[in-house]
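Raw contents of input37.txt, compact mmCIF, C-alpha atoms:
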# COMPACT_ATOMS: atom_id res chain seq x y z
CA MET N 1 43.58 10.40 -5.26
CA THR N 2 41.44 8.10 -7.39
CA PHE N 3 40.82 6.02 -4.31
CA LYS N 4 39.67 9.09 -2.43
CA LEU N 5 37.39 10.07 -5.27
CA GLY N 6 35.93 6.59 -5.33
CA LEU N 7 35.17 6.81 -1.65
CA VAL N 8 33.45 10.17 -2.07
CA LEU N 9 31.35 8.75 -4.89
CA ALA N 10 30.43 5.73 -2.80
CA LEU N 11 29.30 7.97 0.02
CA ALA N 12 27.31 10.15 -2.34
CA ALA N 13 25.57 7.07 -3.70
CA ALA N 14 24.64 5.81 -0.24
CA PRO N 15 21.37 7.74 0.20
CA ALA N 16 20.18 6.56 -3.22
CA LEU N 17 20.90 2.98 -2.19
CA ALA N 18 19.07 3.47 1.07
CA GLN N 19 15.95 4.44 -0.84
CA GLN N 20 15.91 1.17 -2.75
CA SER N 21 16.51 -0.66 0.52
CA PRO N 22 15.07 -4.13 0.87
CA TYR N 23 12.73 -2.58 3.42
CA ALA N 24 9.96 -2.03 0.88
CA GLU N 25 10.18 -5.68 -0.14
CA TYR N 26 10.23 -6.75 3.50
CA GLN N 27 7.12 -4.69 4.12
CA ARG N 28 5.32 -6.25 1.17
CA MET N 29 6.13 -9.75 2.32
CA ALA N 30 5.30 -9.08 5.95
CA LEU N 31 1.93 -7.61 5.03
CA GLU N 32 1.06 -10.73 3.08
CA ASN N 33 1.53 -12.89 6.15
CA ALA N 34 0.46 -10.51 8.89
CA PRO N 35 -2.25 -11.78 11.20
CA VAL N 36 -4.20 -8.50 10.90
CA GLU N 37 -7.36 -10.47 10.15
CA LEU N 38 -7.25 -12.12 13.57
CA PHE N 39 -7.44 -8.70 15.21
CA GLU N 40 -10.34 -7.77 12.98
CA LEU N 41 -12.14 -10.95 14.03
CA GLY N 42 -11.51 -10.17 17.69
CA GLY N 43 -12.76 -6.64 17.11
CA GLU N 44 -15.97 -7.81 15.49
CA GLU N 45 -16.64 -10.03 18.48
CA LEU N 46 -16.10 -7.13 20.90
CA TRP N 47 -18.23 -4.78 18.79
CA LYS N 48 -21.15 -7.17 19.13
CA LYS N 49 -20.48 -8.27 22.69
CA ARG N 50 -22.93 -7.08 25.33
CA GLN N 51 -21.08 -5.74 28.34
CA GLY N 52 -20.97 -2.99 30.96
CA PRO N 53 -23.65 -2.01 33.49
CA LYS N 54 -26.14 -1.50 30.63
CA ASN N 55 -25.32 -4.90 29.13
CA ALA N 56 -25.20 -3.36 25.67
CA SER N 57 -23.04 -3.87 22.60
CA LEU N 58 -21.36 -1.12 20.59
CA GLU N 59 -23.48 -1.87 17.54
CA ARG N 60 -25.39 1.43 17.90
CA CYS N 61 -22.19 3.46 18.25
CA ASP N 62 -22.15 6.49 15.97
CA LEU N 63 -18.69 6.92 14.50
CA GLY N 64 -19.72 9.85 12.37
CA GLN N 65 -21.67 8.12 9.61
CA GLY N 66 -24.74 7.36 11.73
CA PRO N 67 -25.41 4.83 14.51
CA GLY N 68 -23.78 1.51 13.71
CA VAL N 69 -22.44 2.58 10.31
CA LEU N 70 -18.89 1.33 9.96
CA LYS N 71 -18.31 1.71 6.24
CA GLY N 72 -16.03 4.68 5.67
CA ALA N 73 -16.25 5.74 9.31
CA TYR N 74 -12.54 5.53 10.01
CA ALA N 75 -11.57 7.45 6.84
CA GLY N 76 -13.78 10.32 8.00
CA LEU N 77 -12.13 10.68 11.43
CA PRO N 78 -11.24 12.70 13.40
CA ARG N 79 -14.32 14.88 13.10
CA HIS N 80 -16.60 17.05 15.17
CA PHE N 81 -19.48 15.35 16.97
CA ALA N 82 -22.47 17.47 17.86
CA ASP N 83 -23.49 15.33 20.85
CA THR N 84 -20.22 15.97 22.68
CA ASP N 85 -19.34 19.22 20.86
CA ARG N 86 -15.83 17.87 20.53
CA VAL N 87 -13.53 16.75 17.76
CA MET N 88 -12.89 13.04 18.32
CA ASP N 89 -10.72 10.39 16.77
CA LEU N 90 -11.69 6.74 16.52
CA GLU N 91 -10.45 5.74 19.95
CA ALA N 92 -11.94 8.74 21.77
CA ARG N 93 -15.24 8.00 20.06
CA LEU N 94 -15.12 4.32 20.97
CA LEU N 95 -14.46 5.34 24.55
CA HIS N 96 -17.44 7.69 24.36
CA CYS N 97 -19.65 4.81 23.18
CA MET N 98 -18.34 2.54 25.93
CA THR N 99 -19.30 5.11 28.55
CA THR N 100 -22.66 6.13 27.05
CA LEU N 101 -24.03 2.96 25.40
CA GLN N 102 -22.50 0.43 27.76
CA GLY N 103 -22.58 2.64 30.85
CA ARG N 104 -18.97 1.90 31.73
CA SER N 105 -16.86 4.35 33.67
CA ARG N 106 -14.08 6.17 31.87
CA GLN N 107 -11.66 4.85 34.44
CA GLU N 108 -12.64 1.23 33.84
CA ALA N 109 -12.73 1.56 30.04
CA THR N 110 -9.28 3.17 29.87
CA LYS N 111 -7.65 0.93 32.45
CA ARG N 112 -5.76 -0.94 29.78
CA VAL N 113 -5.86 0.81 26.43
CA PHE N 114 -2.51 -0.40 25.14
CA GLY N 115 -2.05 -4.14 25.15
CA ASN N 116 0.78 -6.49 24.33
CA ALA N 117 1.37 -9.64 22.32
CA ASP N 118 -0.08 -11.87 25.01
CA ARG N 119 -3.17 -9.80 25.60
CA PRO N 120 -4.13 -7.12 23.09
CA SER N 121 -6.42 -4.37 24.35
CA GLU N 122 -10.07 -3.86 23.52
CA MET N 123 -9.17 -0.60 21.74
CA GLU N 124 -6.68 -2.42 19.53
CA TYR N 125 -9.13 -5.13 18.50
CA LEU N 126 -11.89 -2.60 17.86
CA SER N 127 -9.59 -0.24 15.92
CA ALA N 128 -8.61 -3.09 13.60
CA TYR N 129 -12.22 -4.04 12.98
CA VAL N 130 -13.48 -0.50 12.38
CA ALA N 131 -10.52 0.65 10.28
CA ARG N 132 -10.89 -2.34 7.93
CA GLN N 133 -14.30 -1.08 6.81
CA SER N 134 -12.64 2.04 5.37
CA ASN N 135 -10.12 0.12 3.30
CA GLY N 136 -10.00 1.60 -0.20
CA MET N 137 -11.83 4.78 0.79
CA LYS N 138 -10.28 8.21 0.65
CA ILE N 139 -9.01 9.75 3.87
CA ALA N 140 -11.29 12.72 4.55
CA PRO N 141 -11.30 13.94 8.16
CA GLY N 142 -13.66 16.77 9.07
CA ARG N 143 -12.38 20.21 8.06
CA THR N 144 -15.44 22.44 7.93
CA HIS N 145 -16.62 22.89 11.52
CA PRO N 146 -14.80 25.68 13.42
CA LYS N 147 -13.76 23.16 16.09
CA GLU N 148 -12.26 20.94 13.41
CA GLN N 149 -10.25 23.89 12.15
CA GLU N 150 -9.24 24.63 15.72
CA ALA N 151 -8.03 21.05 16.20
CA TYR N 152 -6.08 21.20 12.96
CA ASP N 153 -4.40 24.47 13.97
CA LEU N 154 -3.59 23.15 17.44
CA GLY N 155 -2.21 19.94 15.97
CA ARG N 156 0.00 21.84 13.58
CA LYS N 157 1.27 24.02 16.40
CA LEU N 158 1.98 21.00 18.60
CA PHE N 159 3.76 19.24 15.77
CA PHE N 160 6.38 22.01 15.68
CA HIS N 161 6.30 22.88 19.38
CA ARG N 162 9.58 22.08 21.09
CA ALA N 163 9.40 21.18 24.77
CA GLY N 164 10.54 18.72 27.40
CA ALA N 165 13.92 17.75 28.79
CA TRP N 166 15.34 17.23 25.31
CA ASP N 167 13.69 20.26 23.71
CA PHE N 168 12.09 17.97 21.13
CA SER N 169 9.15 18.43 18.84
CA CYS N 170 7.55 15.95 16.42
CA ALA N 171 9.34 17.88 13.69
CA SER N 172 12.73 17.15 15.29
CA CYS N 173 12.44 13.64 13.83
CA HIS N 174 9.72 14.14 11.23
CA GLY N 175 10.81 17.44 9.75
CA GLU N 176 13.63 16.60 7.36
CA GLU N 177 13.56 14.51 4.22
CA GLY N 178 15.51 11.27 3.81
CA LYS N 179 15.95 10.47 7.50
CA ARG N 180 15.63 7.02 8.98
CA ILE N 181 15.66 5.48 12.43
CA ARG N 182 17.23 2.03 12.07
CA MET N 183 15.20 0.41 9.28
CA SER N 184 12.23 2.74 9.40
CA ASP N 185 11.82 5.87 7.34
CA LEU N 186 11.03 9.04 9.24
CA PRO N 187 8.51 10.68 6.95
CA VAL N 188 8.06 14.46 7.00
CA LEU N 189 4.52 14.43 8.31
CA SER N 190 3.86 18.10 7.61
CA ASN N 191 4.28 17.33 3.90
CA PRO N 192 1.34 15.60 2.16
CA GLN N 193 3.74 13.71 -0.10
CA PHE N 194 5.05 11.79 2.91
CA ALA N 195 2.06 12.00 5.24
CA ARG N 196 -0.31 10.40 2.71
CA PRO N 197 1.31 6.98 2.31
CA LEU N 198 2.06 6.75 6.03
CA MET N 199 -1.29 7.76 7.48
CA ALA N 200 -3.03 5.41 5.04
CA THR N 201 -1.53 2.43 6.89
CA TRP N 202 -2.44 3.16 10.52
CA PRO N 203 -3.53 1.41 12.72
CA ALA N 204 -1.28 -1.55 12.07
CA TYR N 205 0.17 -4.87 13.15
CA ARG N 206 3.66 -4.36 14.52
CA VAL N 207 5.83 -7.29 13.51
CA SER N 208 8.62 -6.73 16.06
CA THR N 209 6.24 -6.88 19.02
CA SER N 210 3.57 -9.20 17.54
CA SER N 211 0.98 -6.66 18.58
CA PHE N 212 -1.55 -4.34 17.04
CA VAL N 213 -0.80 -0.63 17.42
CA THR N 214 -3.14 2.35 17.16
CA LEU N 215 -2.65 6.05 16.55
CA GLN N 216 -3.32 6.89 20.20
CA TRP N 217 -0.53 4.49 21.08
CA ARG N 218 1.76 6.13 18.51
CA MET N 219 1.13 9.59 19.99
CA ASN N 220 1.65 8.27 23.50
CA ASP N 221 4.89 6.53 22.61
CA CYS N 222 6.27 9.45 20.59
CA TYR N 223 5.70 11.67 23.63
CA ARG N 224 7.54 9.12 25.73
CA GLN N 225 10.42 9.07 23.27
CA MET N 226 10.53 12.87 23.38
CA ARG N 227 10.76 12.63 27.21
CA MET N 228 7.58 14.60 27.69
CA PRO N 229 4.85 13.97 30.27
CA GLU N 230 2.50 11.17 29.26
CA PRO N 231 -0.51 12.50 27.34
CA THR N 232 -3.97 11.46 28.51
CA PHE N 233 -5.65 8.85 26.35
CA GLY N 234 -8.03 10.50 23.90
CA SER N 235 -7.07 13.99 25.06
CA ASP N 236 -7.56 17.09 22.90
CA THR N 237 -3.79 17.18 22.42
CA THR N 238 -3.49 13.72 20.92
CA ILE N 239 -6.66 14.16 18.86
CA ALA N 240 -5.40 17.50 17.51
CA LEU N 241 -2.16 15.90 16.36
CA ILE N 242 -4.01 13.03 14.72
CA ALA N 243 -6.44 15.49 13.11
CA TYR N 244 -3.55 17.52 11.72
CA MET N 245 -1.77 14.50 10.29
CA MET N 246 -4.90 12.90 8.86
CA ALA N 247 -5.84 16.23 7.26
CA THR N 248 -2.35 16.47 5.77
CA ALA N 249 -2.89 12.99 4.31
CA ALA N 250 -6.41 13.80 3.03
CA GLY N 251 -7.32 12.36 -0.35
CA GLU N 252 -5.16 9.25 -0.01
CA PRO N 253 -7.04 5.95 -0.31
CA TYR N 254 -6.91 4.20 3.05
CA ARG N 255 -4.92 0.94 2.81
CA GLY N 256 -4.97 -0.34 6.35
CA PRO N 257 -4.87 -1.93 8.73
CA ALA N 258 -1.34 -2.57 7.51
CA ILE N 259 1.94 -3.53 9.15
CA LYS N 260 4.83 -1.81 10.85
CA ARG N 261 8.35 -3.07 11.35
CA MET Y 1 -3.37 -13.94 22.40
CA ALA Y 2 -4.39 -17.36 23.54
CA ALA Y 3 -5.14 -20.05 21.01
CA GLY Y 4 -8.25 -18.95 19.19
CA PRO Y 5 -9.91 -18.51 15.83
CA MET Y 6 -8.51 -19.40 12.44
CA ARG Y 7 -9.07 -17.78 9.11
CA MET Y 8 -8.78 -19.56 5.77
CA ARG Y 9 -8.96 -18.81 2.09
CA ALA Y 10 -8.90 -21.50 -0.59
CA THR Y 11 -8.71 -20.38 -4.20
CA GLN Y 12 -8.68 -22.48 -7.33
CA GLY Y 13 -5.91 -22.12 -9.91
CA ALA Y 14 -5.17 -23.98 -13.14
CA GLY Y 15 -5.05 -27.58 -11.91
CA PHE Y 16 -4.27 -26.66 -8.34
CA THR Y 17 -5.77 -25.07 -5.25
CA ASP Y 18 -4.04 -22.51 -3.09
CA VAL Y 19 -4.86 -22.62 0.58
CA ARG Y 20 -3.86 -19.84 2.94
CA VAL Y 21 -4.63 -20.27 6.58
CA LEU Y 22 -4.06 -18.00 9.53
CA MET Y 23 -3.94 -19.43 13.04
CA THR Y 24 -4.13 -17.82 16.46
CA HIS Y 25 -1.57 -19.39 18.72
CA PRO Y 26 1.00 -18.05 21.23
CA MET Y 27 3.71 -20.47 19.94
CA GLU Y 28 5.77 -20.25 23.11
CA THR Y 29 9.34 -21.48 22.65
CA GLY Y 30 9.81 -22.46 26.27
CA GLN Y 31 12.77 -20.10 26.50
CA ARG Y 32 10.98 -16.87 27.24
CA LYS Y 33 10.60 -15.53 30.76
CA ASP Y 34 7.59 -13.64 32.03
CA ALA Y 35 7.60 -10.44 34.11
CA ASP Y 36 8.26 -12.45 37.29
CA GLY Y 37 11.30 -14.15 35.77
CA LYS Y 38 9.56 -17.52 35.45
CA ILE Y 39 9.95 -19.49 32.26
CA VAL Y 40 6.85 -19.44 30.07
CA PRO Y 41 6.14 -23.11 29.38
CA LEU Y 42 6.58 -24.59 25.94
CA HIS Y 43 3.34 -24.30 23.99
CA PHE Y 44 3.36 -24.83 20.26
CA ILE Y 45 1.46 -26.35 17.36
CA GLN Y 46 2.99 -29.71 16.56
CA ASN Y 47 0.72 -31.07 13.85
CA VAL Y 48 -1.08 -29.42 10.98
CA THR Y 49 -3.42 -31.48 8.80
CA VAL Y 50 -5.08 -30.42 5.57
CA LYS Y 51 -7.93 -32.43 4.11
CA LEU Y 52 -9.50 -32.11 0.68
CA ASN Y 53 -13.02 -33.61 0.64
CA GLY Y 54 -12.15 -35.62 3.73
CA LYS Y 55 -8.93 -37.05 2.30
CA VAL Y 56 -5.66 -36.05 3.97
CA VAL Y 57 -3.49 -34.18 1.49
CA VAL Y 58 -0.98 -32.48 3.77
CA GLU Y 59 0.35 -33.64 7.09
CA ALA Y 60 2.94 -31.43 8.72
CA GLU Y 61 4.97 -31.62 11.88
CA THR Y 62 5.80 -28.15 13.11
CA SER Y 63 8.17 -27.00 15.80
CA GLN Y 64 8.39 -24.17 18.28
CA ALA Y 65 10.52 -22.31 15.72
CA VAL Y 66 7.34 -21.24 13.94
CA SER Y 67 6.20 -17.72 14.77
CA ARG Y 68 3.30 -16.59 16.93
CA ASN Y 69 -0.02 -16.46 15.05
CA PRO Y 70 1.41 -18.28 12.05
CA VAL Y 71 0.25 -18.16 8.45
CA PHE Y 72 0.58 -21.29 6.32
CA SER Y 73 0.15 -21.57 2.57
CA PHE Y 74 -0.25 -24.84 0.69
CA ARG Y 75 -0.62 -25.59 -2.99
CA ILE Y 76 -2.65 -28.73 -3.49
CA LYS Y 77 -2.92 -30.58 -6.81
CA GLY Y 78 -6.44 -30.66 -8.18
CA GLY Y 79 -9.46 -29.42 -6.32
CA ALA Y 80 -12.53 -27.88 -7.88
CA LYS Y 81 -14.80 -25.00 -6.92
CA GLY Y 82 -16.98 -25.99 -4.01
CA ASP Y 83 -14.64 -28.73 -2.79
CA LYS Y 84 -14.35 -28.92 0.96
CA ILE Y 85 -11.02 -27.99 2.53
CA GLU Y 86 -10.44 -28.67 6.19
CA VAL Y 87 -7.39 -27.54 8.14
CA SER Y 88 -6.74 -28.53 11.71
CA TRP Y 89 -3.91 -28.22 14.17
CA LEU Y 90 -2.92 -29.99 17.34
CA ASP Y 91 -0.57 -28.49 19.90
CA ASN Y 92 1.65 -30.02 22.56
CA LYS Y 93 -0.99 -29.46 25.25
CA GLY Y 94 -3.49 -31.51 23.28
CA GLU Y 95 -5.57 -28.51 22.26
CA SER Y 96 -6.76 -28.46 18.72
CA THR Y 97 -8.83 -26.31 16.39
CA SER Y 98 -10.08 -26.81 12.88
CA ILE Y 99 -11.64 -24.74 10.15
CA GLU Y 100 -13.55 -25.73 7.06
CA SER Y 101 -14.33 -23.85 3.90
CA ALA Y 102 -15.18 -24.40 0.25
CA VAL Y 103 -12.76 -23.74 -2.60
CA ALA Y 104 -13.64 -20.48 -4.34
Show me this structure written as structure tokens.
Amino acid sequence: MTFKLGLVLALAAAPALAQQSPYAEYQRMALENAPVELFELGGEELWKKRQGPKNASLERCDLGQGPGVLKGAYAGLPRHFADTDRVMDLEARLLHCMTTLQGRSRQEATKRVFGNADRPSEMEYLSAYVARQSNGMKIAPGRTHPKEQEAYDLGRKLFFHRAGAWDFSCASCHGEEGKRIRMSDLPVLSNPQFARPLMATWPAYRVSTSSFVTLQWRMNDCYRQMRMPEPTFGSDTTIALIAYMMATAAGEPYRGPAIKR
Amino acid sequence: MAAGPMRMRATQGAGFTDVRVLMTHPMETGQRKDADGKIVPLHFIQNVTVKLNGKVVVEAETSQAVSRNPVFSFRIKGGAKGDKIEVSWLDNKGESTSIESAVA
């Protein structure tokens, strides 16, 4: 009987132990030695590199704070842009600048948006460079324009919308407290308490794949894991989800680019 | 990422200097296969040298066991603000890169 009781107590204590897991310490140590800076350097080079039919750089790209202004730009995204009359996240906006400023075709610019360890993509380098300039600034995506509200509402709806072969939604994995997948926590992203610390670290260097990952990649891969059709890069769907999650994390000082397992 | 830029930070402490250097290198172990099933040839940094004002203070032999894009930290005795720190590496293909910065 006492043995049984001991077992029950041990099981009850397990979740508490999981919370003090060495994962936090691992994350701290990995961040210290992550080569995030190398991606930022690569991004700076690409930002200033003249390319495309117009042989232009991205230096005049308006990310929401005015042409060429990078400081705080990432923390203020996604937001509505008057020139396209669309809510755009960082990657959709970068793509917009590649097509308008550099004169590249959408097809060419999105040919390889997700890279790998051997060859990171342009989007990954650029995301690292741009996001760094918002480090320490509060996350404040646009919430005032009607289209921004529309994106938020759509994102929220999509977050809970079950579909696909497995009848999954984002909330199937990210809707309950205290859940993990292997070593990674599954934060409840509809709750600011959990969304804030998480969203403040994207985009990030992913240790297990030695690559840099962006939010568009995260949306794409979550859809794959849910066995849903692949979303289009920079589509209204992915932007709405990012807008919803960033808005849920609003007010948190941005701490990225950080690291992922 | 192919071998590329380095990033370094050298900060002065009480009687010592901390050097942290980040290198871009694929650090191939020679055991990995590519998409076509061919072995990716061995490619790794084999020597790392640290110089303080031109004088060699650290000489390291590294193996393919070191990770891709490695970060190295060294604590060097002495060193004053403005002193020149130079870090260079040499890999098994004979490629090398170096970076120089002043102690802050």
Any chance you could tabulate, as a tab-separated table, the residues of chain Y at most 10 Å from chain N with each one's nearest atom pair and distance in Å to one decimal, using only C-alpha atoms, in chain and rising number order?
residue	atom	partner	partner_atom	distance
Y:Met1	CA	N:Asp118	CA	4.7
Y:Ala2	CA	N:Asp118	CA	7.1
Y:Gly4	CA	N:Leu38	CA	8.9
Y:Pro5	CA	N:Leu38	CA	7.3
Y:Met6	CA	N:Leu38	CA	7.5
Y:Arg7	CA	N:Leu38	CA	7.4
Y:Arg20	CA	N:Asn33	CA	9.4
Y:Val21	CA	N:Asn33	CA	9.6
Y:Leu22	CA	N:Pro35	CA	6.7
Y:Met23	CA	N:Leu38	CA	8.0
Y:Thr24	CA	N:Leu38	CA	7.1
Y:His25	CA	N:Asp118	CA	9.9
Y:Pro26	CA	N:Asp118	CA	7.3
Y:Ser67	CA	N:Ser210	CA	9.3
Y:Arg68	CA	N:Ser210	CA	7.4
Y:Asn69	CA	N:Pro35	CA	6.5
Y:Pro70	CA	N:Pro35	CA	7.5
Y:Val71	CA	N:Asn33	CA	5.9
Y:Phe72	CA	N:Asn33	CA	8.5
Y:Ser73	CA	N:Asn33	CA	9.5
Write out the residues from the selection above, keeping C-alpha atoms, as a compact mmCIF listing (two decimals), keeping the file's coordinate frame.
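The resulting file, out10.txt, is reproduced below:
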# COMPACT_ATOMS: atom_id res chain seq x y z
CA MET Y 1 -3.37 -13.94 22.40
CA ALA Y 2 -4.39 -17.36 23.54
CA GLY Y 4 -8.25 -18.95 19.19
CA PRO Y 5 -9.91 -18.51 15.83
CA MET Y 6 -8.51 -19.40 12.44
CA ARG Y 7 -9.07 -17.78 9.11
CA ARG Y 20 -3.86 -19.84 2.94
CA VAL Y 21 -4.63 -20.27 6.58
CA LEU Y 22 -4.06 -18.00 9.53
CA MET Y 23 -3.94 -19.43 13.04
CA THR Y 24 -4.13 -17.82 16.46
CA HIS Y 25 -1.57 -19.39 18.72
CA PRO Y 26 1.00 -18.05 21.23
CA SER Y 67 6.20 -17.72 14.77
CA ARG Y 68 3.30 -16.59 16.93
CA ASN Y 69 -0.02 -16.46 15.05
CA PRO Y 70 1.41 -18.28 12.05
CA VAL Y 71 0.25 -18.16 8.45
CA PHE Y 72 0.58 -21.29 6.32
CA SER Y 73 0.15 -21.57 2.57
Please compute the atom CA of Y:Ser63-atom CA of Y:Asp34 distance, one decimal, in Å.
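Between these atoms lies a distance of 21.0 Å.
The two atoms in question, atom CA of N:Arg104 and atom CA of N:Tyr74, are spaced 22.9 Å apart.
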Would you work out the distance separating atom CA of N:Arg227 from atom CA of N:Val207, expressed in Å to one decimal?
24.7 Å
Write out as a list in words the residues lying within 12 Å of N:Asp85, counting all atoms listed in the file and excluding same-chain residues fewer than 4 positions away.
Arg79, His80, Phe81, Arg93, His145, Pro146, Lys147 and Glu148 of chain N
Local residues around (7.3, 17.7, 9.8), at most 6 Å away, using only C-alpha atoms, as a ChimeraX atom specification
/N:171,174-175,188-190
Take the residues just selected and output them with C-alpha atoms as a PDB file, in the frame of the given file.
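Dumped to selection04.pdb:
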ATOM      1  CA  ALA N 171       9.340  17.880  13.690  1.00  0.00           C
ATOM      2  CA  HIS N 174       9.720  14.140  11.230  1.00  0.00           C
ATOM      3  CA  GLY N 175      10.810  17.440   9.750  1.00  0.00           C
ATOM      4  CA  VAL N 188       8.060  14.460   7.000  1.00  0.00           C
ATOM      5  CA  LEU N 189       4.520  14.430   8.310  1.00  0.00           C
ATOM      6  CA  SER N 190       3.860  18.100   7.610  1.00  0.00           C
TER       7      SER N 190
END
I'd like the contact shell of N:Thr232 - 9 Å cut-off, all atoms listed in the file, skipping same-chain residues fewer than 5 positions apart - returned as a ChimeraX atom specification.
/N:220,237-238
